[in-house]
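Report on one structure; see the data block that follows.
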Amino acid sequence: MNQEKIVKGLMYLCGFALSIFLSAVLITLGSKNDIMLVLGILIIPVIFFFAYRGFKSILEAIFD
């Protein structure tokens, strides 16, 4: 197992968790402010990017 890839994957998963939290908060605040709603919706693709890169990196480290 490549520990550097695992650590890199865990960093992406930390970004994944942070972007989920940030998006949820911004969408909730978006009920009062349209700019917050737009920002929360724009962060959703970032969630999928971080999740994909994180899981891909960890799985490559384990099965490579």
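In the structure tokens, chains take letters A, B, ... by order of appearance, with residues numbered from 1 within each chain and ligands from 1 in the order shown.
Excluding Arg53 of chain A and any residue on its chain fewer than 4 positions from it, the residues at most 12 Å away by only C-alpha atoms are Lys5, Ile6, Lys8, Gly9, Leu10, Met11, Tyr12, Leu13, Cys14, Gly15, Phe16, Val46, Ile47, Phe48, Phe49, Ser57, Ile58, Leu59 and Glu60 of chain A.
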Those residues you just picked out, can you put them in a file as a PDB file, in the first residue's frame with C-alpha atoms?
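Ended up saving to again.pdb:
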```
ATOM      1  CA  LYS A   5      -1.709   8.139  -1.947  1.00  0.00           C
ATOM      2  CA  ILE A   6      -3.790   7.258   1.095  1.00  0.00           C
ATOM      3  CA  LYS A   8      -3.644  12.436  -0.429  1.00  0.00           C
ATOM      4  CA  GLY A   9      -7.006  10.666  -0.661  1.00  0.00           C
ATOM      5  CA  LEU A  10      -7.823  11.503   2.934  1.00  0.00           C
ATOM      6  CA  MET A  11      -7.069  15.159   2.250  1.00  0.00           C
ATOM      7  CA  TYR A  12      -9.539  15.092  -0.651  1.00  0.00           C
ATOM      8  CA  LEU A  13     -12.115  13.452   1.610  1.00  0.00           C
ATOM      9  CA  CYS A  14     -11.593  16.247   4.152  1.00  0.00           C
ATOM     10  CA  GLY A  15     -12.339  18.721   1.379  1.00  0.00           C
ATOM     11  CA  PHE A  16     -15.380  16.618   0.511  1.00  0.00           C
ATOM     12  CA  VAL A  46     -17.076  20.531  -5.994  1.00  0.00           C
ATOM     13  CA  ILE A  47     -18.540  17.936  -3.611  1.00  0.00           C
ATOM     14  CA  PHE A  48     -18.593  15.315  -6.346  1.00  0.00           C
ATOM     15  CA  PHE A  49     -15.075  16.223  -7.511  1.00  0.00           C
ATOM     16  CA  SER A  57      -6.820   7.810  -4.732  1.00  0.00           C
ATOM     17  CA  ILE A  58      -7.461   5.564  -1.742  1.00  0.00           C
ATOM     18  CA  LEU A  59      -8.609   2.649  -3.876  1.00  0.00           C
ATOM     19  CA  GLU A  60      -5.578   2.996  -6.150  1.00  0.00           C
TER      20      GLU A  60
END
```
Using only C-alpha atoms, which of the listed residues (A:Val38, A:Ile62, A:Phe50, A:Asn33) sits closest to Glu4 of chain A?
-> A:Ile62
Neighbour list for segment 22-31 of chain A as an MDAnalysis selection string, cut-off 8 Å, only C-alpha atoms, skip fewer than 6 positions in-chain = chainID A and resid 37:41 43:44
Which is closest to Phe63 of chain A among A:Ala17, A:Met36, A:Ala51, A:Asn2, if we use only C-alpha atoms?
->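 Counting only C-alpha atoms, the residue closest to Phe63 of chain A is A:Asn2.
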